[in-house]
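Engineer: So here's input.txt (compact mmCIF, C-alpha atoms).
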```txt
# COMPACT_ATOMS: atom_id res chain seq x y z
CA MET A 1 -103.15 8.04 -4.60
CA VAL A 2 -101.02 10.45 -6.59
CA GLN A 3 -97.31 10.04 -6.06
CA ILE A 4 -94.24 11.39 -7.78
CA ILE A 5 -90.76 10.03 -8.32
CA LYS A 6 -88.80 13.21 -8.93
CA ASN A 7 -85.29 13.89 -10.22
CA ALA A 8 -85.12 10.40 -11.74
CA ASN A 9 -82.36 9.45 -14.18
CA VAL A 10 -84.43 7.88 -16.96
CA LEU A 11 -83.18 6.30 -20.20
CA ASN A 12 -84.66 8.01 -23.27
CA GLN A 13 -85.31 6.42 -26.66
CA LYS A 14 -81.71 7.06 -27.68
CA GLY A 15 -80.47 5.23 -24.58
CA GLU A 16 -79.28 8.45 -22.97
CA LEU A 17 -80.01 9.49 -19.39
CA GLU A 18 -82.37 12.40 -18.79
CA ARG A 19 -83.60 13.88 -15.51
CA LYS A 20 -87.37 13.43 -15.27
CA SER A 21 -90.23 13.27 -12.83
CA ILE A 22 -92.71 10.39 -12.99
CA ILE A 23 -96.30 10.99 -11.91
CA ILE A 24 -98.17 7.88 -10.75
CA ASP A 25 -101.88 7.51 -10.02
CA GLU A 26 -104.18 4.50 -9.69
CA GLY A 27 -101.31 2.12 -10.35
CA LYS A 28 -100.43 3.64 -13.72
CA ILE A 29 -97.81 6.05 -14.99
CA GLN A 30 -99.77 9.22 -15.68
CA ALA A 31 -96.90 11.30 -17.04
CA ILE A 32 -93.14 11.49 -17.42
CA ALA A 33 -92.01 15.08 -17.69
CA GLY A 34 -89.13 17.44 -17.07
CA VAL A 35 -88.67 18.40 -13.43
CA GLU A 36 -89.58 22.01 -14.21
CA ASP A 37 -92.66 21.06 -16.22
CA GLU A 38 -95.87 22.79 -15.17
CA ALA A 39 -97.74 19.48 -14.81
CA VAL A 40 -95.08 18.24 -12.39
CA GLN A 41 -95.18 21.45 -10.37
CA LEU A 42 -98.96 21.17 -10.12
CA ALA A 43 -98.91 17.48 -9.23
CA GLU A 44 -96.34 18.07 -6.48
CA LYS A 45 -98.81 20.31 -4.64
CA SER A 46 -101.38 17.52 -4.32
CA ALA A 47 -99.18 14.40 -4.32
CA GLU A 48 -99.57 12.17 -1.28
CA ARG A 49 -96.05 10.82 -1.64
CA ILE A 50 -92.94 12.23 -3.26
CA THR A 51 -89.79 10.14 -3.69
CA ASP A 52 -86.60 12.00 -4.49
CA ALA A 53 -84.56 9.81 -6.84
CA SER A 54 -81.70 12.30 -7.17
CA GLY A 55 -78.60 10.57 -8.52
CA LYS A 56 -80.36 7.24 -9.04
CA LEU A 57 -81.41 5.30 -12.12
CA VAL A 58 -85.14 4.67 -12.56
CA ILE A 59 -86.13 1.96 -15.03
CA PRO A 60 -89.09 -0.30 -15.79
CA GLY A 61 -89.39 -3.11 -13.25
CA LEU A 62 -87.16 -6.03 -14.15
CA ILE A 63 -88.84 -9.12 -15.63
CA ASP A 64 -87.64 -12.68 -14.99
CA MET A 65 -89.29 -15.32 -17.15
CA HIS A 66 -87.61 -18.33 -15.54
CA VAL A 67 -87.76 -18.84 -11.77
CA HIS A 68 -88.42 -21.58 -9.24
CA LEU A 69 -90.62 -20.64 -6.29
CA ARG A 70 -90.79 -24.25 -5.00
CA GLU A 71 -94.31 -23.98 -3.60
CA PRO A 72 -96.27 -26.23 -3.42
CA GLY A 73 -94.28 -29.11 -2.02
CA PHE A 74 -90.81 -27.74 -1.32
CA GLU A 75 -91.55 -24.92 1.10
CA HIS A 76 -88.33 -25.69 3.02
CA LYS A 77 -86.46 -24.36 -0.03
CA GLU A 78 -88.68 -21.38 -0.84
CA THR A 79 -92.27 -20.19 -0.68
CA ILE A 80 -94.10 -17.99 -3.14
CA GLU A 81 -93.92 -15.21 -0.57
CA THR A 82 -90.18 -15.49 0.17
CA GLY A 83 -89.44 -15.85 -3.52
CA ALA A 84 -91.55 -12.82 -4.39
CA ARG A 85 -89.86 -10.81 -1.63
CA SER A 86 -86.45 -11.83 -2.95
CA ALA A 87 -87.50 -10.86 -6.47
CA ALA A 88 -88.61 -7.42 -5.27
CA GLN A 89 -85.30 -6.98 -3.46
CA GLY A 90 -83.53 -7.75 -6.73
CA GLY A 91 -85.58 -5.15 -8.60
CA PHE A 92 -87.93 -7.62 -10.32
CA THR A 93 -91.61 -6.78 -10.62
CA THR A 94 -92.78 -9.68 -12.83
CA ILE A 95 -91.60 -13.28 -12.52
CA ALA A 96 -92.69 -16.49 -14.25
CA CYS A 97 -92.49 -19.64 -12.14
CA MET A 98 -91.74 -23.15 -13.31
CA PRO A 99 -94.11 -26.09 -12.71
CA ASN A 100 -91.68 -28.65 -11.25
CA THR A 101 -93.32 -28.43 -7.83
CA ARG A 102 -95.00 -31.22 -5.83
CA PRO A 103 -97.65 -31.68 -6.94
CA VAL A 104 -96.49 -30.64 -10.39
CA THR A 105 -98.35 -27.63 -11.76
CA ASP A 106 -100.15 -29.83 -14.28
CA ASN A 107 -103.77 -29.11 -13.33
CA PRO A 108 -105.97 -26.02 -12.94
CA ASP A 109 -106.19 -26.32 -9.14
CA THR A 110 -102.42 -26.03 -8.73
CA VAL A 111 -102.28 -23.08 -11.14
CA LYS A 112 -104.98 -21.44 -9.03
CA LEU A 113 -103.07 -22.19 -5.82
CA VAL A 114 -99.96 -20.44 -7.19
CA LEU A 115 -101.99 -17.42 -8.26
CA ASP A 116 -103.81 -17.27 -4.93
CA LYS A 117 -100.56 -17.46 -2.95
CA ALA A 118 -99.05 -14.73 -5.10
CA LYS A 119 -102.09 -12.53 -4.55
CA GLU A 120 -101.88 -13.18 -0.82
CA ALA A 121 -98.18 -12.20 -0.76
CA ASP A 122 -99.11 -8.99 -2.60
CA LEU A 123 -95.55 -8.26 -3.71
CA VAL A 124 -94.60 -8.90 -7.34
CA LYS A 125 -96.55 -10.22 -10.31
CA VAL A 126 -96.27 -14.01 -10.51
CA LEU A 127 -97.05 -15.69 -13.84
CA PRO A 128 -97.30 -19.50 -13.64
CA TYR A 129 -96.17 -21.89 -16.33
CA ALA A 130 -97.94 -25.26 -16.54
CA ALA A 131 -96.39 -28.61 -17.32
CA ILE A 132 -96.38 -30.05 -20.84
CA THR A 133 -96.89 -33.60 -19.57
CA LYS A 134 -98.62 -35.01 -16.51
CA ASN A 135 -96.21 -35.12 -13.56
CA GLU A 136 -93.50 -34.06 -16.04
CA LEU A 137 -93.06 -37.75 -16.87
CA GLY A 138 -93.17 -37.27 -20.65
CA ARG A 139 -95.93 -39.85 -21.14
CA GLU A 140 -99.22 -37.96 -21.43
CA LEU A 141 -100.07 -34.37 -22.34
CA THR A 142 -101.78 -32.18 -19.77
CA ASP A 143 -105.09 -30.45 -20.49
CA PHE A 144 -103.68 -27.35 -22.21
CA ALA A 145 -107.06 -25.65 -22.63
CA ALA A 146 -108.00 -25.99 -18.95
CA LEU A 147 -104.55 -24.82 -17.86
CA LYS A 148 -104.69 -21.77 -20.09
CA GLU A 149 -108.16 -20.97 -18.76
CA ALA A 150 -106.81 -21.24 -15.19
CA GLY A 151 -104.11 -18.67 -15.92
CA ALA A 152 -101.04 -20.53 -17.19
CA ILE A 153 -98.95 -18.42 -19.58
CA GLY A 154 -97.15 -21.24 -21.38
CA PHE A 155 -96.19 -24.90 -21.19
CA THR A 156 -92.89 -26.42 -20.06
CA ASP A 157 -91.52 -29.51 -18.37
CA ASP A 158 -88.62 -27.46 -17.03
CA GLY A 159 -86.28 -29.52 -14.90
CA VAL A 160 -86.41 -32.34 -17.42
CA GLY A 161 -86.39 -32.48 -21.18
CA VAL A 162 -89.28 -34.02 -23.10
CA GLN A 163 -87.48 -37.09 -24.39
CA ASN A 164 -90.04 -38.30 -26.92
CA ALA A 165 -90.08 -36.31 -30.17
CA GLN A 166 -93.67 -37.26 -31.04
CA MET A 167 -94.82 -36.10 -27.60
CA MET A 168 -93.08 -32.76 -28.14
CA LYS A 169 -94.55 -32.38 -31.62
CA ASP A 170 -98.04 -33.12 -30.30
CA ALA A 171 -97.51 -30.53 -27.55
CA MET A 172 -96.33 -27.92 -30.04
CA THR A 173 -99.25 -28.59 -32.39
CA LEU A 174 -101.75 -28.18 -29.56
CA ALA A 175 -100.05 -25.09 -28.13
CA ALA A 176 -99.89 -23.47 -31.58
CA SER A 177 -103.63 -24.00 -32.06
CA MET A 178 -104.17 -22.04 -28.82
CA ASP A 179 -101.59 -19.33 -29.57
CA MET A 180 -99.55 -20.40 -26.56
CA PRO A 181 -95.76 -20.84 -26.28
CA VAL A 182 -93.84 -24.01 -25.52
CA ILE A 183 -90.84 -23.38 -23.29
CA ALA A 184 -88.23 -26.12 -23.44
CA HIS A 185 -85.64 -27.43 -21.03
CA CYS A 186 -83.31 -28.99 -23.59
CA GLU A 187 -81.56 -32.07 -22.31
CA ASP A 188 -81.11 -35.55 -23.76
CA ASP A 189 -81.19 -37.86 -20.74
CA SER A 190 -79.08 -40.55 -22.40
CA LEU A 191 -76.10 -38.17 -22.30
CA VAL A 192 -76.46 -36.83 -18.76
CA VAL A 193 -77.58 -39.54 -16.32
CA GLY A 194 -75.38 -39.56 -13.24
CA ARG A 195 -73.25 -36.60 -14.34
CA TYR A 196 -73.07 -33.23 -12.64
CA VAL A 197 -70.48 -30.97 -14.32
CA THR A 198 -69.76 -30.21 -17.95
CA GLU A 199 -67.39 -32.28 -20.04
CA GLY A 200 -64.37 -30.00 -19.88
CA GLU A 201 -61.26 -28.96 -18.01
CA PHE A 202 -62.77 -29.35 -14.52
CA SER A 203 -64.15 -32.83 -15.21
CA LYS A 204 -60.83 -33.95 -16.69
CA ARG A 205 -58.87 -32.60 -13.74
CA HIS A 206 -61.09 -34.43 -11.25
CA GLY A 207 -61.56 -37.61 -13.26
CA ILE A 208 -65.32 -37.08 -13.57
CA LYS A 209 -67.48 -38.14 -16.50
CA GLY A 210 -68.93 -34.87 -17.72
CA ILE A 211 -72.12 -33.64 -19.40
CA PRO A 212 -71.38 -32.99 -23.09
CA ASN A 213 -72.63 -29.91 -24.94
CA GLU A 214 -74.57 -32.13 -27.31
CA SER A 215 -76.94 -33.11 -24.50
CA GLU A 216 -78.48 -29.62 -24.82
CA ALA A 217 -77.95 -28.92 -28.50
CA ILE A 218 -79.54 -32.17 -29.73
CA HIS A 219 -82.87 -31.15 -28.20
CA VAL A 220 -82.52 -27.58 -29.45
CA GLY A 221 -82.01 -28.83 -32.99
CA ARG A 222 -84.84 -31.36 -32.77
CA ASP A 223 -87.26 -28.82 -31.34
CA ILE A 224 -86.40 -26.16 -33.90
CA LEU A 225 -87.42 -28.59 -36.65
CA LEU A 226 -90.63 -29.42 -34.78
CA ALA A 227 -91.35 -25.72 -34.26
CA GLU A 228 -90.91 -25.14 -37.98
CA ALA A 229 -93.35 -27.96 -38.71
CA THR A 230 -95.99 -26.81 -36.21
CA GLY A 231 -95.65 -23.03 -36.28
CA VAL A 232 -95.55 -22.79 -32.47
CA HIS A 233 -93.73 -20.08 -30.56
CA TYR A 234 -90.81 -22.14 -29.26
CA HIS A 235 -88.73 -20.69 -26.43
CA VAL A 236 -85.41 -22.24 -25.36
CA CYS A 237 -84.59 -22.20 -21.65
CA HIS A 238 -81.19 -21.28 -20.16
CA VAL A 239 -79.00 -21.60 -23.28
CA SER A 240 -75.45 -22.54 -22.33
CA THR A 241 -73.59 -23.92 -25.36
CA GLU A 242 -72.03 -22.57 -28.53
CA GLN A 243 -73.85 -25.24 -30.56
CA SER A 244 -77.24 -24.15 -29.23
CA VAL A 245 -76.52 -20.50 -30.02
CA ARG A 246 -75.51 -21.46 -33.57
CA LEU A 247 -78.69 -23.49 -34.13
CA ILE A 248 -80.97 -20.75 -32.76
CA ARG A 249 -79.22 -18.13 -34.90
CA LEU A 250 -79.80 -20.25 -38.01
CA ALA A 251 -83.44 -20.90 -37.10
CA LYS A 252 -84.12 -17.18 -36.67
CA SER A 253 -82.40 -16.39 -39.95
CA ILE A 254 -84.90 -18.56 -41.86
CA GLY A 255 -87.96 -17.27 -40.02
CA ILE A 256 -88.71 -20.01 -37.52
CA LYS A 257 -90.57 -18.66 -34.49
CA VAL A 258 -87.90 -19.35 -31.87
CA THR A 259 -86.81 -17.22 -28.93
CA ALA A 260 -84.26 -17.92 -26.22
CA GLU A 261 -82.90 -16.87 -22.84
CA VAL A 262 -79.57 -16.92 -21.03
CA CYS A 263 -78.65 -16.71 -17.33
CA PRO A 264 -76.08 -14.41 -15.69
CA HIS A 265 -73.96 -17.35 -14.54
CA HIS A 266 -73.60 -18.63 -18.11
CA LEU A 267 -72.41 -15.17 -19.17
CA LEU A 268 -69.97 -14.72 -16.29
CA LEU A 269 -68.55 -18.11 -15.31
CA SER A 270 -67.01 -21.13 -17.01
CA ASP A 271 -66.15 -24.58 -15.70
CA GLU A 272 -62.56 -23.36 -15.42
CA ASP A 273 -63.69 -20.99 -12.63
CA ILE A 274 -65.02 -23.77 -10.38
CA PRO A 275 -62.74 -23.69 -7.30
CA GLY A 276 -63.29 -27.29 -6.23
CA MET A 277 -66.02 -29.73 -5.30
CA ASP A 278 -68.29 -26.95 -4.06
CA SER A 279 -71.97 -27.56 -4.77
CA ASN A 280 -72.70 -23.82 -4.94
CA TRP A 281 -71.15 -24.10 -8.40
CA LYS A 282 -73.47 -26.94 -9.44
CA MET A 283 -76.32 -25.91 -11.71
CA ASN A 284 -78.21 -27.30 -14.70
CA PRO A 285 -77.19 -26.60 -17.40
CA PRO A 286 -73.70 -26.76 -15.91
CA LEU A 287 -71.07 -24.09 -16.32
CA ARG A 288 -69.54 -24.67 -19.74
CA SER A 289 -66.22 -23.79 -21.39
CA PRO A 290 -64.90 -20.23 -21.90
CA ARG A 291 -65.73 -20.67 -25.59
CA ASP A 292 -69.37 -21.36 -24.73
CA VAL A 293 -69.46 -18.32 -22.43
CA GLN A 294 -68.22 -16.13 -25.26
CA ALA A 295 -70.78 -17.63 -27.66
CA CYS A 296 -73.58 -16.83 -25.21
CA ILE A 297 -72.35 -13.26 -24.80
CA GLU A 298 -72.19 -12.80 -28.57
CA GLY A 299 -75.59 -14.45 -28.98
CA LEU A 300 -77.15 -12.00 -26.55
CA GLN A 301 -75.42 -9.06 -28.21
CA ASP A 302 -76.59 -9.94 -31.74
CA GLY A 303 -80.16 -10.80 -30.73
CA THR A 304 -79.93 -14.57 -31.12
CA LEU A 305 -80.67 -14.79 -27.42
CA ASP A 306 -83.55 -12.48 -26.56
CA MET A 307 -83.40 -11.97 -22.83
CA ILE A 308 -81.68 -12.56 -19.53
CA VAL A 309 -83.34 -14.73 -16.87
CA THR A 310 -82.03 -15.87 -13.49
CA ASP A 311 -83.24 -19.49 -13.24
CA HIS A 312 -83.51 -18.67 -9.53
CA ALA A 313 -83.31 -22.13 -7.91
CA PRO A 314 -83.13 -22.09 -4.11
CA HIS A 315 -82.20 -25.17 -2.07
CA SER A 316 -81.73 -25.67 1.65
CA GLU A 317 -78.26 -25.50 3.16
CA GLU A 318 -78.60 -29.13 4.26
CA GLU A 319 -79.25 -30.23 0.67
CA LYS A 320 -76.36 -28.24 -0.75
CA ALA A 321 -74.07 -29.55 2.04
CA LYS A 322 -74.23 -33.01 0.45
CA GLY A 323 -71.37 -32.09 -1.88
CA MET A 324 -70.97 -31.64 -5.61
CA GLU A 325 -72.01 -35.16 -6.58
CA LEU A 326 -75.13 -35.57 -4.42
CA ALA A 327 -76.42 -32.01 -3.94
CA PRO A 328 -79.28 -30.80 -6.14
CA PHE A 329 -78.59 -28.61 -9.17
CA GLY A 330 -79.27 -24.88 -8.92
CA ILE A 331 -78.30 -21.49 -7.54
CA VAL A 332 -80.28 -18.46 -6.39
CA GLY A 333 -80.31 -15.46 -8.69
CA PHE A 334 -82.81 -12.69 -8.00
CA GLU A 335 -80.79 -10.47 -5.70
CA THR A 336 -77.48 -10.51 -7.56
CA ALA A 337 -78.55 -10.48 -11.22
CA PHE A 338 -78.55 -6.78 -12.01
CA PRO A 339 -75.45 -5.77 -10.03
CA LEU A 340 -73.49 -8.72 -11.45
CA LEU A 341 -74.27 -7.79 -15.04
CA TYR A 342 -73.94 -4.05 -14.49
CA THR A 343 -70.52 -4.44 -12.86
CA LYS A 344 -69.10 -6.99 -15.28
CA PHE A 345 -70.50 -5.64 -18.56
CA VAL A 346 -71.66 -2.02 -18.24
CA GLU A 347 -68.98 -0.67 -15.90
CA THR A 348 -66.34 -2.25 -18.15
CA GLY A 349 -67.82 -0.68 -21.30
CA ILE A 350 -68.74 -3.97 -23.00
CA TRP A 351 -72.47 -3.12 -22.98
CA THR A 352 -74.39 0.10 -22.70
CA LEU A 353 -76.70 0.56 -19.75
CA ASP A 354 -79.61 0.73 -22.19
CA PHE A 355 -78.68 -2.65 -23.66
CA LEU A 356 -78.69 -4.36 -20.27
CA VAL A 357 -81.95 -2.77 -19.16
CA LYS A 358 -83.76 -3.79 -22.36
CA ARG A 359 -82.61 -7.41 -22.10
CA MET A 360 -84.16 -7.51 -18.61
CA THR A 361 -87.35 -5.52 -19.30
CA ALA A 362 -88.58 -4.62 -22.78
CA ASP A 363 -87.37 -7.81 -24.47
CA PRO A 364 -88.97 -10.39 -22.16
CA ALA A 365 -92.15 -8.27 -22.28
CA ARG A 366 -92.04 -8.30 -26.09
CA VAL A 367 -91.42 -12.04 -26.38
CA PHE A 368 -94.17 -13.01 -23.94
CA ARG A 369 -96.55 -10.17 -24.91
CA LEU A 370 -96.71 -8.57 -21.49
CA ASP A 371 -97.99 -5.05 -20.87
CA THR A 372 -95.04 -4.30 -18.59
CA GLY A 373 -91.35 -3.60 -19.23
CA LYS A 374 -91.73 0.04 -20.23
CA LEU A 375 -91.69 3.47 -18.66
CA GLU A 376 -94.33 5.38 -20.54
CA GLU A 377 -97.65 7.12 -20.02
CA GLY A 378 -100.47 4.65 -19.41
CA ALA A 379 -98.17 1.73 -18.56
CA PRO A 380 -98.41 -0.10 -15.23
CA ALA A 381 -96.30 1.66 -12.61
CA ASP A 382 -93.90 -1.27 -12.27
CA ILE A 383 -90.70 0.60 -11.53
CA THR A 384 -87.23 -0.12 -10.16
CA MET A 385 -84.81 2.41 -8.71
CA ILE A 386 -81.13 1.51 -8.76
CA ASP A 387 -78.13 3.14 -7.11
CA LEU A 388 -75.43 2.67 -9.73
CA ASN A 389 -72.80 4.04 -7.35
CA GLN A 390 -73.58 1.81 -4.39
CA GLU A 391 -70.85 -0.80 -4.04
CA LYS A 392 -70.99 -3.76 -1.68
CA GLU A 393 -70.06 -7.40 -1.43
CA VAL A 394 -72.51 -10.21 -2.10
CA ASP A 395 -73.57 -11.47 1.33
CA PRO A 396 -76.08 -14.37 1.23
CA SER A 397 -77.03 -13.76 4.87
CA THR A 398 -78.83 -10.59 3.71
CA PHE A 399 -80.90 -12.37 1.05
CA ALA A 400 -84.68 -12.39 1.31
CA THR A 401 -84.80 -15.80 -0.40
CA LYS A 402 -84.51 -18.89 1.79
CA GLY A 403 -81.67 -20.05 -0.46
CA ARG A 404 -78.03 -19.20 0.23
CA ASN A 405 -76.70 -21.24 -2.67
CA THR A 406 -74.65 -18.85 -4.80
CA PRO A 407 -71.13 -18.98 -6.25
CA PHE A 408 -70.90 -15.18 -6.05
CA THR A 409 -70.38 -14.80 -2.29
CA GLY A 410 -67.87 -12.05 -1.61
CA TRP A 411 -67.97 -10.53 -5.09
CA LYS A 412 -67.79 -6.73 -4.88
CA LEU A 413 -70.48 -5.28 -7.12
CA LYS A 414 -72.04 -1.95 -8.05
CA GLY A 415 -75.57 -1.12 -9.21
CA TRP A 416 -77.86 -2.36 -6.44
CA PRO A 417 -81.65 -1.94 -6.56
CA VAL A 418 -82.86 0.26 -3.69
CA GLN A 419 -86.62 0.52 -4.29
CA THR A 420 -89.22 -1.42 -6.25
CA TRP A 421 -92.81 -0.46 -7.09
CA VAL A 422 -95.52 -2.77 -8.46
CA ASP A 423 -98.62 -1.06 -9.80
CA GLY A 424 -97.48 2.04 -7.95
CA LYS A 425 -97.13 0.28 -4.59
CA SER A 426 -93.66 0.24 -3.00
CA VAL A 427 -92.87 -3.42 -2.31
CA TRP A 428 -89.18 -3.02 -1.45
CA ASN A 429 -87.39 0.03 -0.10
CA ASN A 430 -83.79 0.17 0.99
CA THR A 431 -83.23 3.89 0.51
CA VAL A 432 -81.80 5.95 3.33
CA GLN A 433 -84.37 8.70 2.76
CA GLN A 434 -87.61 8.89 4.71
```
Just give me the structure as structure tokens.
Structural biologist:
Amino acid sequence: MVQIIKNANVLNQKGELERKSIIIDEGKIQAIAGVEDEAVQLAEKSAERITDASGKLVIPGLIDMHVHLREPGFEHKETIETGARSAAQGGFTTIACMPNTRPVTDNPDTVKLVLDKAKEADLVKVLPYAAITKNELGRELTDFAALKEAGAIGFTDDGVGVQNAQMMKDAMTLAASMDMPVIAHCEDDSLVVGRYVTEGEFSKRHGIKGIPNESEAIHVGRDILLAEATGVHYHVCHVSTEQSVRLIRLAKSIGIKVTAEVCPHHLLLSDEDIPGMDSNWKMNPPLRSPRDVQACIEGLQDGTLDMIVTDHAPHSEEEKAKGMELAPFGIVGFETAFPLLYTKFVETGIWTLDFLVKRMTADPARVFRLDTGKLEEGAPADITMIDLNQEKEVDPSTFATKGRNTPFTGWKLKGWPVQTWVDGKSVWNNTVQQ
């Protein structure tokens, strides 16, 4: 089916906006041309669908390489379908889901289940990670070869850190031999057990024993040395501390194959913003100090941190109602990520629009060697349309995710996704046009 997205504001190679028409056929981008181009005029005569994007930004579909879809085992929090629908509503076309499900995604059958459920939902592209260790217990490696064969794109025990250095080195050695990445949740358990906010102003004010920055950075430093020894592609999850940024910057400077990600909440919020004992502000890693926030921003800007991810982590309202101490860690992220970052960084002139878009598309695609994340002839027609002028408040009751756990309720934001295509199929449409 030939379709056209016409009058689209597209970022060119210089990061400037140009008005273009995008011709799509058989799930691929066939051409991107000027609106008066002869090929466009010809295609319009036979196109089965024409979308007028006048005044709106059209970019490659957003990519999120760190999400929690909860299925199997925690369907009361989220399912692969509700998570995929939420992702599409947030402008994401490719998402990579973590294995801390029940059962843990540590065997080929569970990898297959995730892929089958994603295919059944028929919304966005879902790429499953598999666990490094069986049941994420840190005691025995999973069958990496069988998991890769089943469709896993990398190995991680996200949700917990691999505490044993020899276990992590063995995992890295094996993954390197298969040209597969190891994705690490960096957390030293001996420094975090029983704690739920960072060691900082909030914890002091409330007389709480906090989680120190070293709990993350110790594992980052250890794993960088192991990555150097094994040659694996080592990817650091949800970086949140100045120390971690410093270590990753040093590792990159000497040629170690390390990449890293950061979440919107660690770029926008510090522990000093937490209004009280509200569990919607409880996530792991926790919100850190303003100094750490600035280090993460600078790390993203100078390329130390490669990409932005959401760490979308839905929980039920009953679970989050247990209060700051007892509620589970995590917040939802799909549907607020782009407008949050656009409003707080692009609208204020701190970043260019091109910078933000690349951190959420081209860069995750580059790091994980995906064929998406680009608007060009021959590429998959994974496309997001955004209304940069639309302004509205964050209202969790409108979310497609089952989760309502966000600290951003009531924030007035601009830059909301209004339509999302995956392989040329519209999977989310909130435009007023017919």
Engineer: Please identify all polymer residues within 8 Å of range 105-107 of chain A, counting all atoms listed in the file, omitting same-chain residues fewer than 2 positions from it, and present them as a list in words.
Structural biologist: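 Residues meeting the cut-off are Pro99, Asn100, Thr101, Arg102, Pro103, Asp109, Thr110, Val111, Tyr129, Ala130, Ala131, Ile132, Thr133, Lys134, Asn135, Thr142, Asp143, Ala146 and Leu147 of chain A.
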Engineer: Just C-alpha atoms for this one: save the residues we selected as an mmCIF file, in the coordinates of the input.
Structural biologist:
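What follows is the written file result.cif:
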```cif
data_model
loop_
_atom_site.group_PDB
_atom_site.id
_atom_site.type_symbol
_atom_site.label_atom_id
_atom_site.label_comp_id
_atom_site.auth_asym_id
_atom_site.auth_seq_id
_atom_site.Cartn_x
_atom_site.Cartn_y
_atom_site.Cartn_z
ATOM 1 C CA PRO A 99 -94.110 -26.090 -12.710
ATOM 2 C CA ASN A 100 -91.680 -28.650 -11.250
ATOM 3 C CA THR A 101 -93.320 -28.430 -7.830
ATOM 4 C CA ARG A 102 -95.000 -31.220 -5.830
ATOM 5 C CA PRO A 103 -97.650 -31.680 -6.940
ATOM 6 C CA ASP A 109 -106.190 -26.320 -9.140
ATOM 7 C CA THR A 110 -102.420 -26.030 -8.730
ATOM 8 C CA VAL A 111 -102.280 -23.080 -11.140
ATOM 9 C CA TYR A 129 -96.170 -21.890 -16.330
ATOM 10 C CA ALA A 130 -97.940 -25.260 -16.540
ATOM 11 C CA ALA A 131 -96.390 -28.610 -17.320
ATOM 12 C CA ILE A 132 -96.380 -30.050 -20.840
ATOM 13 C CA THR A 133 -96.890 -33.600 -19.570
ATOM 14 C CA LYS A 134 -98.620 -35.010 -16.510
ATOM 15 C CA ASN A 135 -96.210 -35.120 -13.560
ATOM 16 C CA THR A 142 -101.780 -32.180 -19.770
ATOM 17 C CA ASP A 143 -105.090 -30.450 -20.490
ATOM 18 C CA ALA A 146 -108.000 -25.990 -18.950
ATOM 19 C CA LEU A 147 -104.550 -24.820 -17.860
#
```
Engineer: Which is closer to Ala381 in chain A than all the others in A:Val357, A:Leu305, A:Leu17, A:Ile29, using all atoms listed in the file?
Structural biologist: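 Closest candidate: A:Ile29.
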Engineer: Around the point (-68.9, -9.2, 0.0) (coordinates from the file), which residues reach within 8 Å if we count all atoms listed in the file? Answer as a list in words.
Structural biologist: Lys392, Glu393, Val394, Asp395, Thr409, Gly410, Trp411 and Lys412 of chain A
Engineer: One number please: CA of Val40 in chain A to CA of Thr384 in chain A, in Å, one decimal.
Structural biologist: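 Computing it gives 20.1 Å between the two atoms.
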Engineer: What is the distance, in Å and to one decimal place, between CA of Leu287 in chain A and CA of Leu269 in chain A?
Structural biologist: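 Taking CA of Leu287 in chain A and CA of Leu269 in chain A, their separation equals 6.6 Å.
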Engineer: For the interface of range 320-426 of chain A with range 88-94 of chain A (cut-off 9 Å, counting only C-alpha atoms), please tabulate each contacting residue of range 320-426 of chain A alongside its nearest pair of atoms and their separation in Å to one decimal, rows sorted by chain and increasing number, as JSON lines.
Structural biologist:
```
{"residue": "A:Gly333", "atom": "CA", "partner": "A:Gly90", "partner_atom": "CA", "distance": 8.6}
{"residue": "A:Phe334", "atom": "CA", "partner": "A:Gly90", "partner_atom": "CA", "distance": 5.2}
{"residue": "A:Glu335", "atom": "CA", "partner": "A:Gly90", "partner_atom": "CA", "distance": 4.0}
{"residue": "A:Thr336", "atom": "CA", "partner": "A:Gly90", "partner_atom": "CA", "distance": 6.7}
{"residue": "A:Ala337", "atom": "CA", "partner": "A:Gly90", "partner_atom": "CA", "distance": 7.2}
{"residue": "A:Phe338", "atom": "CA", "partner": "A:Gly90", "partner_atom": "CA", "distance": 7.3}
{"residue": "A:Pro339", "atom": "CA", "partner": "A:Gly90", "partner_atom": "CA", "distance": 8.9}
{"residue": "A:Thr372", "atom": "CA", "partner": "A:Thr94", "partner_atom": "CA", "distance": 8.2}
{"residue": "A:Gly373", "atom": "CA", "partner": "A:Thr94", "partner_atom": "CA", "distance": 8.9}
{"residue": "A:Asp382", "atom": "CA", "partner": "A:Thr93", "partner_atom": "CA", "distance": 6.2}
{"residue": "A:Ile383", "atom": "CA", "partner": "A:Thr93", "partner_atom": "CA", "distance": 7.5}
{"residue": "A:Thr384", "atom": "CA", "partner": "A:Gly91", "partner_atom": "CA", "distance": 5.5}
{"residue": "A:Met385", "atom": "CA", "partner": "A:Gly91", "partner_atom": "CA", "distance": 7.6}
{"residue": "A:Ile386", "atom": "CA", "partner": "A:Gly91", "partner_atom": "CA", "distance": 8.0}
{"residue": "A:Phe399", "atom": "CA", "partner": "A:Gln89", "partner_atom": "CA", "distance": 8.3}
{"residue": "A:Ala400", "atom": "CA", "partner": "A:Gln89", "partner_atom": "CA", "distance": 7.2}
{"residue": "A:Trp416", "atom": "CA", "partner": "A:Gly90", "partner_atom": "CA", "distance": 7.8}
{"residue": "A:Pro417", "atom": "CA", "partner": "A:Gly91", "partner_atom": "CA", "distance": 5.5}
{"residue": "A:Val418", "atom": "CA", "partner": "A:Gln89", "partner_atom": "CA", "distance": 7.6}
{"residue": "A:Gln419", "atom": "CA", "partner": "A:Gly91", "partner_atom": "CA", "distance": 7.2}
{"residue": "A:Thr420", "atom": "CA", "partner": "A:Gly91", "partner_atom": "CA", "distance": 5.7}
{"residue": "A:Trp421", "atom": "CA", "partner": "A:Thr93", "partner_atom": "CA", "distance": 7.3}
{"residue": "A:Val422", "atom": "CA", "partner": "A:Thr93", "partner_atom": "CA", "distance": 6.0}
```
